[in-house]
>>> print(open('upload-v2.cif').read())   # mmCIF, C-alpha atoms
data_data
loop_
_atom_site.label_atom_id
_atom_site.label_comp_id
_atom_site.auth_asym_id
_atom_site.auth_seq_id
_atom_site.Cartn_x
_atom_site.Cartn_y
_atom_site.Cartn_z
CA MET N 2 0.00 0.00 0.00
CA LEU N 3 1.49 3.31 -1.11
CA ILE N 4 1.08 6.08 1.45
CA ASP N 5 2.47 9.59 0.97
CA TYR N 6 3.50 11.56 4.05
CA ILE N 7 2.63 15.25 4.26
CA PRO N 8 2.78 16.59 7.84
CA ALA N 9 -0.21 18.33 9.38
CA LYS N 10 0.30 21.54 11.33
CA ASN N 11 -1.59 20.39 14.44
CA PHE N 12 -0.86 17.35 16.58
CA THR N 13 0.31 16.50 20.08
CA SER N 14 3.28 14.30 20.84
CA GLY N 15 2.17 10.85 21.93
CA ALA N 16 4.67 11.10 24.77
CA TYR N 17 2.43 13.78 26.31
CA VAL N 18 -0.02 11.09 27.46
CA HIS N 19 1.73 8.60 29.68
CA ASN N 20 -0.50 8.02 32.70
CA PRO N 21 -2.43 5.84 32.15
CA PRO N 22 -0.39 4.37 29.30
CA ARG N 23 -1.79 5.29 25.92
CA LEU N 24 -3.55 2.46 24.09
CA PHE N 25 -5.01 2.56 20.59
CA LYS N 26 -8.62 1.43 20.84
CA LEU N 27 -10.48 3.12 17.96
CA ILE N 28 -10.24 4.00 14.31
CA VAL N 29 -12.57 6.96 13.81
CA ILE N 30 -13.94 7.47 10.29
CA HIS N 31 -14.78 11.01 9.15
CA TRP N 32 -15.55 12.70 5.86
CA ILE N 33 -14.39 16.17 5.00
CA VAL N 34 -16.84 17.89 2.63
CA GLY N 35 -14.28 18.30 -0.10
CA THR N 36 -11.36 16.77 -1.90
CA LEU N 37 -8.19 15.18 -0.60
CA ASP N 38 -6.16 18.19 -1.77
CA ALA N 39 -8.46 20.63 0.02
CA CYS N 40 -8.20 18.62 3.22
CA VAL N 41 -4.40 18.43 3.04
CA ARG N 42 -4.22 22.20 2.48
CA TRP N 43 -6.55 22.81 5.45
CA PHE N 44 -4.57 20.55 7.80
CA GLN N 45 -1.45 22.56 6.89
CA ALA N 46 -3.06 26.01 6.87
CA PRO N 47 -1.67 28.64 9.27
CA SER N 48 -5.28 29.62 10.12
CA ASN N 49 -6.20 26.07 11.19
CA ASN N 50 -5.68 25.91 14.93
CA LYS N 51 -7.97 23.04 15.80
CA SER N 52 -7.93 20.02 13.49
CA SER N 53 -5.89 17.25 11.89
CA ALA N 54 -6.14 13.54 11.16
CA HIS N 55 -3.68 10.71 10.91
CA TYR N 56 -4.75 9.82 7.35
CA VAL N 57 -6.71 11.33 4.46
CA ILE N 58 -8.07 9.16 1.64
CA GLY N 59 -9.02 10.49 -1.79
CA VAL N 60 -11.71 9.27 -4.18
CA ASN N 61 -9.16 7.38 -6.30
CA GLY N 62 -7.87 5.50 -3.27
CA GLU N 63 -4.81 7.66 -2.72
CA ILE N 64 -3.73 7.84 0.93
CA VAL N 65 -1.84 10.64 2.66
CA GLN N 66 -0.58 10.24 6.20
CA MET N 67 -0.53 13.58 7.99
CA VAL N 68 0.20 12.61 11.61
CA GLU N 69 2.37 9.71 12.74
CA GLU N 70 0.23 7.09 14.49
CA GLU N 71 2.28 7.44 17.68
CA ASN N 72 1.23 11.09 17.90
CA ILE N 73 -2.20 12.47 18.71
CA ALA N 74 -4.19 13.95 15.82
CA TRP N 75 -6.91 16.47 16.61
CA HIS N 76 -9.88 14.81 14.91
CA ALA N 77 -12.41 13.68 17.52
CA GLY N 78 -13.08 16.90 19.42
CA VAL N 79 -14.97 16.59 22.68
CA SER N 80 -15.95 12.95 22.49
CA SER N 81 -16.69 9.74 24.35
CA TRP N 82 -17.86 6.26 23.48
CA LYS N 83 -18.83 3.42 25.80
CA ASP N 84 -15.94 2.77 28.21
CA TYR N 85 -13.11 3.96 25.95
CA PRO N 86 -10.52 6.14 27.74
CA THR N 87 -10.74 9.91 27.33
CA TYR N 88 -7.54 10.54 29.27
CA GLY N 89 -8.78 13.02 31.85
CA VAL N 90 -8.13 16.60 30.83
CA TRP N 91 -8.53 15.73 27.15
CA GLN N 92 -12.26 14.91 27.43
CA SER N 93 -11.65 13.38 24.03
CA LEU N 94 -10.96 10.07 22.36
CA ASN N 95 -8.09 11.64 20.41
CA PRO N 96 -5.39 10.02 22.60
CA CYS N 97 -6.76 6.48 22.06
CA SER N 98 -7.78 6.75 18.41
CA ILE N 99 -6.51 7.00 14.87
CA GLY N 100 -8.47 9.38 12.66
CA ILE N 101 -9.17 8.76 8.98
CA GLU N 102 -10.73 11.46 6.79
CA LEU N 103 -12.44 10.47 3.54
CA ALA N 104 -12.86 12.89 0.64
CA GLY N 105 -16.55 13.47 0.17
CA PRO N 106 -19.41 13.17 0.68
CA PRO N 107 -20.16 12.31 -2.93
CA SER N 108 -22.78 15.05 -3.43
CA SER N 109 -20.26 17.70 -2.35
CA ILE N 110 -17.67 16.71 -4.96
CA GLY N 111 -19.94 15.93 -7.91
CA MET N 112 -20.03 12.14 -7.59
CA LYS N 113 -22.85 9.63 -7.46
CA GLY N 114 -22.11 7.37 -4.50
CA TRP N 115 -18.92 6.58 -2.63
CA PRO N 116 -16.19 5.42 -5.04
CA LYS N 117 -15.28 1.75 -4.63
CA SER N 118 -11.57 2.70 -4.80
CA GLU N 119 -11.95 4.97 -1.75
CA ILE N 120 -13.80 2.32 0.27
CA ILE N 121 -11.27 -0.38 -0.64
CA ALA N 122 -8.35 1.91 0.28
CA CYS N 123 -10.01 2.73 3.61
CA ALA N 124 -10.64 -0.96 4.33
CA GLU N 125 -7.03 -1.87 3.47
CA LEU N 126 -5.71 0.94 5.66
CA CYS N 127 -7.93 -0.15 8.57
CA LYS N 128 -6.73 -3.73 8.11
CA ASP N 129 -3.12 -2.52 8.10
CA ILE N 130 -3.65 -0.44 11.26
CA HIS N 131 -5.30 -3.46 12.89
CA THR N 132 -2.12 -5.51 12.34
CA ARG N 133 -0.20 -2.99 14.48
CA TRP N 134 -2.93 -2.46 17.07
CA PRO N 135 -4.87 -5.78 17.28
CA GLU N 136 -7.42 -4.54 19.85
CA ILE N 137 -8.49 -1.58 17.71
CA LYS N 138 -12.10 -1.29 16.49
CA ILE N 139 -13.88 1.01 14.03
CA THR N 140 -16.48 3.68 14.71
CA ASP N 141 -17.62 6.87 13.01
CA HIS N 142 -17.33 10.44 14.24
CA SER N 143 -21.06 11.02 14.64
CA ARG N 144 -21.31 8.23 17.24
CA ILE N 145 -18.59 9.59 19.53
CA SER N 146 -19.26 13.32 19.40
CA PRO N 147 -22.69 14.75 20.25
CA ALA N 148 -21.68 18.09 18.72
CA VAL N 149 -21.34 16.56 15.25
CA LYS N 150 -24.41 17.44 13.22
CA ILE N 151 -23.49 15.24 10.23
CA ASP N 152 -24.00 11.51 10.53
CA VAL N 153 -21.05 9.85 8.81
CA ILE N 154 -22.98 6.69 7.99
CA LYS N 155 -26.34 8.20 6.99
CA GLY N 156 -24.73 11.04 5.07
CA THR N 157 -26.25 14.40 4.28
CA GLY N 158 -29.74 13.39 3.28
CA HIS N 159 -28.76 12.84 -0.37
CA PRO N 160 -29.19 9.14 -1.25
CA GLU N 161 -25.73 9.03 -2.89
CA ASP N 162 -24.09 10.10 0.39
CA VAL N 163 -25.17 7.09 2.45
CA PHE N 164 -21.89 5.50 3.47
CA PRO N 165 -21.36 1.76 2.78
CA TRP N 166 -20.56 1.02 6.44
CA SER N 167 -21.26 -2.73 6.31
CA GLU N 168 -19.04 -3.04 3.25
CA LEU N 169 -16.19 -1.23 5.02
CA LEU N 170 -16.47 -3.53 8.03
CA GLU N 171 -16.60 -6.65 5.85
CA LEU N 172 -13.67 -5.66 3.62
CA SER N 173 -11.48 -4.57 6.52
CA GLY N 174 -12.22 -7.43 8.88
CA VAL N 175 -11.88 -4.96 11.76
CA PRO N 176 -14.67 -5.19 14.34
CA GLU N 177 -17.07 -2.32 14.95
CA ALA N 178 -16.83 -0.54 18.31
#
>>> encode(input="upload-v2.cif", output="structure tokens")
Amino acid sequence: MLIDYIPAKNFTSGAYVHNPPRLFKLIVIHWIVGTLDACVRWFQAPSNNKSSAHYVIGVNGEIVQMVEEENIAWHAGVSSWKDYPTYGVWQSLNPCSIGIELAGPPSSIGMKGWPKSEIIACAELCKDIHTRWPEIKITDHSRISPAVKIDVIKGTGHPEDVFPWSELLELSGVPEA
């Protein structure tokens, strides 16, 4: 799997969280309302003081890593899910999760439905991450953050934006959180 590395402006060193020891428990799937290039530019923009993700995936299946997995990307915001650790002052799942941003949703970038190449790339990346962090599970941003108004799985209300969640889970082999 070919992955380009382009560093994001915002992240926190993984060494910052050491008590309790940091464990990777979740892969959080997001979509960005735009293209891969627009997302990469935003995560590097001087005016962006609040967001980043470990990986961004484009509609053709191209993958860009923007934050090293050992570091904390700023993708989950104020969040919680079941009994997953939010590491005290963080009040966020960022320290225990790896964030993946998908270009889309389809209606925002002139496409009819999620491209198979993007879903396959996401599934392969999740599978690859799972080999390094065997206890990790997948969830979507709308489940973990009550402030998120866009449901990642249901989409925007346009039929072409409904995300193929079951297909992602099946192709990746990574369990759902």
>>> resolve_selection(input="upload-v2.cif", expression="the PyMOL selection byres ((chain N and resi 103-112) around 6)", output="list in words")
Trp32, Ile33, Val34, Gly35, Thr36, Leu37, Val57, Ile58, Gly59, Glu102, Lys113, Gly114, Trp115 and Asp162 of chain N
>>> closest_atom_pairs(input="upload-v2.cif", of="range 123-178 of chain N", to="range 82-99 of chain N", cutoff="12 Å", atoms="only C-alpha atoms", output="Markdown table")
| residue | atom | partner | partner_atom | distance |
| --- | --- | --- | --- | --- |
| N:Leu126 | CA | N:Ile99 | CA | 11.1 |
| N:Cys127 | CA | N:Ile99 | CA | 9.6 |
| N:Ile130 | CA | N:Ile99 | CA | 8.8 |
| N:His131 | CA | N:Ile99 | CA | 10.7 |
| N:Arg133 | CA | N:Ile99 | CA | 11.8 |
| N:Trp134 | CA | N:Ile99 | CA | 10.4 |
| N:Glu136 | CA | N:Cys97 | CA | 11.3 |
| N:Ile137 | CA | N:Ser98 | CA | 8.4 |
| N:Lys138 | CA | N:Ser98 | CA | 9.3 |
| N:Ile139 | CA | N:Ser98 | CA | 9.5 |
| N:Thr140 | CA | N:Trp82 | CA | 9.2 |
| N:Asp141 | CA | N:Trp82 | CA | 10.5 |
| N:His142 | CA | N:Trp82 | CA | 10.2 |
| N:Ser143 | CA | N:Trp82 | CA | 10.5 |
| N:Arg144 | CA | N:Trp82 | CA | 7.4 |
| N:Ile145 | CA | N:Trp82 | CA | 5.2 |
| N:Ser146 | CA | N:Trp82 | CA | 8.3 |
| N:Pro147 | CA | N:Trp82 | CA | 10.3 |
| N:Ala178 | CA | N:Trp82 | CA | 8.6 |
>>> closest_residue(input="upload-v2.cif", among="N:Val153, N:Val41, N:Leu24, N:Ala124", to="Pro176 in chain N", atoms="only C-alpha atoms")
N:Ala124
>>> closest_residue(input="upload-v2.cif", among="N:Lys155, N:Lys128, N:Arg23, N:Arg42", to="Asn72 in chain N", atoms="all atoms listed in the file")
N:Arg23
>>> closest_residue(input="upload-v2.cif", among="N:Ala54, N:Cys123, N:Ala46, N:Ile4", to="Glu70 in chain N", atoms="all atoms listed in the file")
N:Ala54
>>> closest_residue(input="upload-v2.cif", among="N:Val29, N:Met2, N:His76, N:Lys10", to="Glu177 in chain N", atoms="all atoms listed in the file")
N:Val29
>>> atom_distance(input="upload-v2.cif", atom1="CA of Ile7 in chain N", atom2="CA of Val68 in chain N")
8.2 Å
>>> closest_residue(input="upload-v2.cif", among="N:Glu168, N:Glu63, N:Glu71, N:Asp38", to="Ser14 in chain N", atoms="all atoms listed in the file")
N:Glu71
>>> closest_residue(input="upload-v2.cif", among="N:Pro165, N:Gly174, N:Asn11, N:Ser80", to="Ser48 in chain N", atoms="all atoms listed in the file")
N:Asn11
>>> atom_distance(input="upload-v2.cif", atom1="CA of Val149 in chain N", atom2="CA of Ile101 in chain N")
15.8 Å
>>> atom_distance(input="upload-v2.cif", atom1="CA of Ser118 in chain N", atom2="CA of Asp5 in chain N")
16.7 Å
>>> resolve_selection(input="upload-v2.cif", expression="the PyMOL selection byres ((chain N and resi 66) around 6)", output="MDAnalysis selection string")
chainID N and resid 6 55:56 65 67:68
